[in-house]
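Text of the file structure_34.pdb, holding PDB, C-alpha atoms:
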```pdb
MODEL        1
ATOM      1  CA  MET A   1      -3.359   9.213   5.021
ATOM      2  CA  ASP A   2      -5.618   7.720   2.414
ATOM      3  CA  LEU A   3      -6.577   9.314  -0.881
ATOM      4  CA  TYR A   4      -9.301  11.308   0.880
ATOM      5  CA  GLY A   5      -7.048  12.775   3.562
ATOM      6  CA  ASN A   6      -8.312  10.450   6.313
ATOM      7  CA  SER A   7      -5.890   9.051   8.842
ATOM      8  CA  VAL A   8      -5.197   5.377   8.193
ATOM      9  CA  PRO A   9      -4.057   3.123  11.034
ATOM     10  CA  ARG A  10      -0.527   1.827  10.611
ATOM     11  CA  LEU A  11       0.862  -1.315  12.132
ATOM     12  CA  LYS A  12       4.175  -1.338  13.951
ATOM     13  CA  ARG A  13       6.447  -3.998  12.602
ATOM     14  CA  ASP A  14       6.696  -7.083  14.800
ATOM     15  CA  THR A  15      10.350  -8.048  14.683
ATOM     16  CA  SER A  16      10.115 -10.375  17.673
ATOM     17  CA  ARG A  17       9.044 -13.339  15.507
ATOM     18  CA  THR A  18      10.572 -14.626  12.340
ATOM     19  CA  LEU A  19       8.434 -15.674   9.419
ATOM     20  CA  GLU A  20       9.322 -19.333   9.831
ATOM     21  CA  GLN A  21       8.017 -19.647  13.381
ATOM     22  CA  ASP A  22       4.686 -21.429  13.716
ATOM     23  CA  VAL A  23       3.768 -21.089  10.021
ATOM     24  CA  ASN A  24       1.529 -23.742   8.493
ATOM     25  CA  PRO A  25       3.297 -25.281   5.452
ATOM     26  CA  SER A  26       0.265 -24.681   3.181
ATOM     27  CA  ILE A  27       0.199 -21.025   4.238
ATOM     28  CA  GLU A  28       3.935 -20.765   3.543
ATOM     29  CA  ARG A  29       3.455 -22.195   0.028
ATOM     30  CA  ALA A  30       0.609 -19.748  -0.559
ATOM     31  CA  ARG A  31       2.825 -16.869   0.636
ATOM     32  CA  GLU A  32       5.592 -17.881  -1.765
ATOM     33  CA  ARG A  33       3.162 -18.089  -4.716
ATOM     34  CA  LEU A  34       1.549 -14.796  -3.722
ATOM     35  CA  GLU A  35       4.905 -12.997  -3.609
ATOM     36  CA  GLU A  36       5.827 -14.461  -6.994
ATOM     37  CA  LEU A  37       2.581 -13.244  -8.607
ATOM     38  CA  LEU A  38       2.669  -9.807  -6.954
ATOM     39  CA  GLY A  39       6.170  -9.185  -8.317
ATOM     40  CA  LYS A  40       4.980  -9.707 -11.899
ATOM     41  CA  ASN A  41       2.593  -6.743 -12.057
ATOM     42  CA  LYS A  42       3.438  -3.042 -11.964
ATOM     43  CA  ILE A  43       0.501  -2.257  -9.649
ATOM     44  CA  THR A  44       1.422  -4.885  -7.065
ATOM     45  CA  THR A  45       5.217  -4.745  -7.264
ATOM     46  CA  GLY A  46       6.649  -3.752  -3.915
ATOM     47  CA  LEU A  47       3.835  -5.193  -1.839
ATOM     48  CA  LEU A  48       5.081  -7.297   1.040
ATOM     49  CA  VAL A  49       3.276 -10.311   2.475
ATOM     50  CA  ARG A  50       3.025 -10.689   6.239
ATOM     51  CA  VAL A  51       1.816 -13.971   7.741
ATOM     52  CA  ARG A  52      -0.149 -14.189  10.960
ATOM     53  CA  GLY A  53      -2.059 -17.346  11.727
ATOM     54  CA  LYS A  54      -4.310 -18.127   8.760
ATOM     55  CA  HIS A  55      -3.988 -14.593   7.313
ATOM     56  CA  LEU A  56      -1.735 -13.292   4.558
ATOM     57  CA  THR A  57      -1.695  -9.496   4.749
ATOM     58  CA  LEU A  58      -0.497  -7.407   1.815
ATOM     59  CA  VAL A  59       1.337  -4.346   3.091
ATOM     60  CA  ARG A  60       3.434  -1.504   1.813
ATOM     61  CA  GLU A  61       6.308  -0.444   3.988
ATOM     62  CA  GLU A  62       6.052   3.259   4.784
ATOM     63  CA  THR A  63       8.164   5.576   6.915
ATOM     64  CA  GLY A  64       6.535   6.296  10.250
ATOM     65  CA  PRO A  65       6.611   9.535  12.245
ATOM     66  CA  GLY A  66       9.866   8.559  13.971
ATOM     67  CA  GLY A  67      11.517   7.682  10.671
ATOM     68  CA  GLU A  68      11.199   3.969  11.356
ATOM     69  CA  PRO A  69       9.555   1.632   8.828
ATOM     70  CA  GLU A  70       5.935   0.709   9.494
ATOM     71  CA  ASP A  71       3.634  -1.692   7.714
ATOM     72  CA  ASP A  72       0.751  -0.022   5.892
ATOM     73  CA  PRO A  73      -1.796  -2.872   5.479
ATOM     74  CA  ARG A  74      -3.831  -2.869   2.269
ATOM     75  CA  VAL A  75      -5.573  -6.231   1.740
ATOM     76  CA  ARG A  76      -5.846  -9.413   3.815
ATOM     77  CA  LEU A  77      -6.311 -12.944   2.532
ATOM     78  CA  THR A  78      -7.768 -15.488   4.942
ATOM     79  CA  HIS A  79      -7.231 -19.195   4.402
ATOM     80  CA  LEU A  80     -10.640 -20.854   4.082
ATOM     81  CA  GLY A  81      -9.338 -24.390   3.627
ATOM     82  CA  GLY A  82      -7.726 -26.297   0.799
ATOM     83  CA  GLU A  83      -6.424 -23.771  -1.709
ATOM     84  CA  GLN A  84      -9.218 -21.234  -1.104
ATOM     85  CA  PHE A  85      -8.759 -17.774   0.389
ATOM     86  CA  GLY A  86     -11.198 -15.004   1.207
ATOM     87  CA  VAL A  87     -10.380 -11.316   0.766
ATOM     88  CA  SER A  88     -10.850  -8.525   3.294
ATOM     89  CA  VAL A  89     -10.030  -4.828   3.019
ATOM     90  CA  LEU A  90      -9.002  -2.479   5.795
ATOM     91  CA  ARG A  91     -11.602   0.193   6.507
ATOM     92  CA  HIS A  92     -10.801   3.693   7.701
ATOM     93  CA  THR A  93     -11.953   2.542  11.154
ATOM     94  CA  GLY A  94      -9.045   0.102  11.342
ATOM     95  CA  LYS A  95     -11.320  -2.944  11.066
ATOM     96  CA  TRP A  96     -11.130  -5.561   8.342
ATOM     97  CA  GLU A  97     -14.240  -5.917   6.188
ATOM     98  CA  ARG A  98     -14.856  -9.130   4.266
ATOM     99  CA  THR A  99     -15.528  -8.843   0.567
ATOM    100  CA  PRO A 100     -17.525 -11.313  -1.557
ATOM    101  CA  PHE A 101     -14.312 -12.415  -3.291
ATOM    102  CA  ALA A 102     -12.777 -15.851  -2.695
ATOM    103  CA  GLY A 103     -10.607 -18.209  -4.694
ATOM    104  CA  SER A 104      -7.136 -19.601  -5.195
ATOM    105  CA  ILE A 105      -4.078 -17.379  -4.796
ATOM    106  CA  ASP A 106      -3.870 -16.990  -8.588
ATOM    107  CA  GLU A 107      -7.556 -15.990  -8.801
ATOM    108  CA  ILE A 108      -7.255 -13.579  -5.861
ATOM    109  CA  VAL A 109      -4.257 -11.791  -7.375
ATOM    110  CA  GLN A 110      -6.204 -11.343 -10.615
ATOM    111  CA  ILE A 111      -9.149  -9.929  -8.645
ATOM    112  CA  ILE A 112      -6.845  -7.517  -6.808
ATOM    113  CA  ILE A 113      -5.260  -6.338 -10.063
ATOM    114  CA  GLU A 114      -8.628  -5.898 -11.792
ATOM    115  CA  THR A 115     -10.748  -4.394  -9.006
ATOM    116  CA  MET A 116      -8.558  -3.193  -6.123
ATOM    117  CA  GLN A 117      -5.783  -1.170  -7.763
ATOM    118  CA  HIS A 118      -6.691   1.855  -5.664
ATOM    119  CA  LEU A 119      -6.055  -0.145  -2.486
ATOM    120  CA  VAL A 120      -2.724  -1.707  -3.361
ATOM    121  CA  ALA A 121      -1.079   0.994  -5.489
ATOM    122  CA  ASP A 122       2.003   2.749  -4.173
ATOM    123  CA  TRP A 123       0.870   6.202  -3.062
ATOM    124  CA  PRO A 124       3.071   9.142  -4.010
TER
ENDMDL
END
```
Could the structure of this file be written out as structure tokens, please?
Amino acid sequence: MDLYGNSVPRLKRDTSRTLEQDVNPSIERARERLEELLGKNKITTGLLVRVRGKHLTLVREETGPGGEPEDDPRVRLTHLGGEQFGVSVLRHTGKWERTPFAGSIDEIVQIIIETMQHLVADWP
């Protein structure tokens, strides 16, 4: 549930593929930098980065109804080319909505910390 009591779609963990399979080297470098930066801030510590195609999705791992871990997606970064990424947020409908934010991984993390704390914070 979100802060307003609405049901939020959860993603089942895909354990059939490893991270290294079919990952673009520039996306992998971006993932590594993203994880490094997220671990340096109290608000973003504990966020995990999932890679799928040109997307880096920031998730929190939550316990699902069956007691198994499930990914709770919070924010998605889409590779726009070069070192630029766009930011999308997950709506209550389960669809990703693009935001006007774009930039390098370092710039995006700063934007998330400054304007999206409510989306990435660990919920009690």
Apply the PyMOL selection byres ((chain A and resi 47) around 6) to the displayed file and report the matching residues as a list in words.
Thr44, Thr45, Gly46, Leu48, Val59 and Arg60 of chain A
Could you list, as number ranges by chain, every residue matched by the PyMOL selection byres ((chain A and resi 32-41) around 12) in this structure?
A: 19, 25-31, 42-51, 56-59, 76-77, 83, 85, 104-114, 117, 120-121
Take the residues just selected and output them with C-alpha atoms as a short mmCIF file (atom, residue, chain, number, x, y, z; two decimals), keeping the file's coordinate frame.
```
data_model
loop_
_atom_site.label_atom_id
_atom_site.label_comp_id
_atom_site.auth_asym_id
_atom_site.auth_seq_id
_atom_site.Cartn_x
_atom_site.Cartn_y
_atom_site.Cartn_z
CA LEU A 19 8.43 -15.67 9.42
CA PRO A 25 3.30 -25.28 5.45
CA SER A 26 0.26 -24.68 3.18
CA ILE A 27 0.20 -21.02 4.24
CA GLU A 28 3.94 -20.76 3.54
CA ARG A 29 3.46 -22.20 0.03
CA ALA A 30 0.61 -19.75 -0.56
CA ARG A 31 2.82 -16.87 0.64
CA LYS A 42 3.44 -3.04 -11.96
CA ILE A 43 0.50 -2.26 -9.65
CA THR A 44 1.42 -4.88 -7.06
CA THR A 45 5.22 -4.74 -7.26
CA GLY A 46 6.65 -3.75 -3.92
CA LEU A 47 3.84 -5.19 -1.84
CA LEU A 48 5.08 -7.30 1.04
CA VAL A 49 3.28 -10.31 2.48
CA ARG A 50 3.02 -10.69 6.24
CA VAL A 51 1.82 -13.97 7.74
CA LEU A 56 -1.74 -13.29 4.56
CA THR A 57 -1.70 -9.50 4.75
CA LEU A 58 -0.50 -7.41 1.82
CA VAL A 59 1.34 -4.35 3.09
CA ARG A 76 -5.85 -9.41 3.82
CA LEU A 77 -6.31 -12.94 2.53
CA GLU A 83 -6.42 -23.77 -1.71
CA PHE A 85 -8.76 -17.77 0.39
CA SER A 104 -7.14 -19.60 -5.20
CA ILE A 105 -4.08 -17.38 -4.80
CA ASP A 106 -3.87 -16.99 -8.59
CA GLU A 107 -7.56 -15.99 -8.80
CA ILE A 108 -7.26 -13.58 -5.86
CA VAL A 109 -4.26 -11.79 -7.38
CA GLN A 110 -6.20 -11.34 -10.62
CA ILE A 111 -9.15 -9.93 -8.64
CA ILE A 112 -6.84 -7.52 -6.81
CA ILE A 113 -5.26 -6.34 -10.06
CA GLU A 114 -8.63 -5.90 -11.79
CA GLN A 117 -5.78 -1.17 -7.76
CA VAL A 120 -2.72 -1.71 -3.36
CA ALA A 121 -1.08 0.99 -5.49
#
```
Select, from A:Arg98, A:His92, A:His55, A:His118, the residue with the minimum atom-to-atom distance to Thr78 (chain A), counting only C-alpha atoms.
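Of A:Arg98, A:His92, A:His55, A:His118, the one nearest Thr78 (chain A), counting only C-alpha atoms, is A:His55.
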Between A:Gly53, A:Trp123, A:Val23, A:Gly94, which is the closest to His79 (chain A) once you count only C-alpha atoms?
A:Gly53
In Å to one decimal, how far is CA of Pro73 (chain A) from CA of Leu90 (chain A)?
7.2 Å
Just give me the gap between CA of Lys54 (chain A) and CA of Arg91 (chain A) in Å, one decimal is fine.
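Going from CA of Lys54 (chain A) over to CA of Arg91 (chain A), I get 19.8 Å.
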Name the closest residue to Met116 (chain A) among the candidates A:Glu70, A:Val75, A:Gly103, A:Trp96; distances are taken between atoms, counting only C-alpha atoms.
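For Met116 (chain A), the nearest of the given residues is A:Val75.
The nearest approach to Ala102 (chain A) among the residues A:Leu80, A:Asp71, A:Glu61, A:Asn24, with only C-alpha atoms taken into account, belongs to A:Leu80.
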Report the distance between CA of Gly64 (chain A) and CA of Glu97 (chain A) in Å, rounded to one decimal place.
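Distance reported for this atom pair: 24.4 Å.
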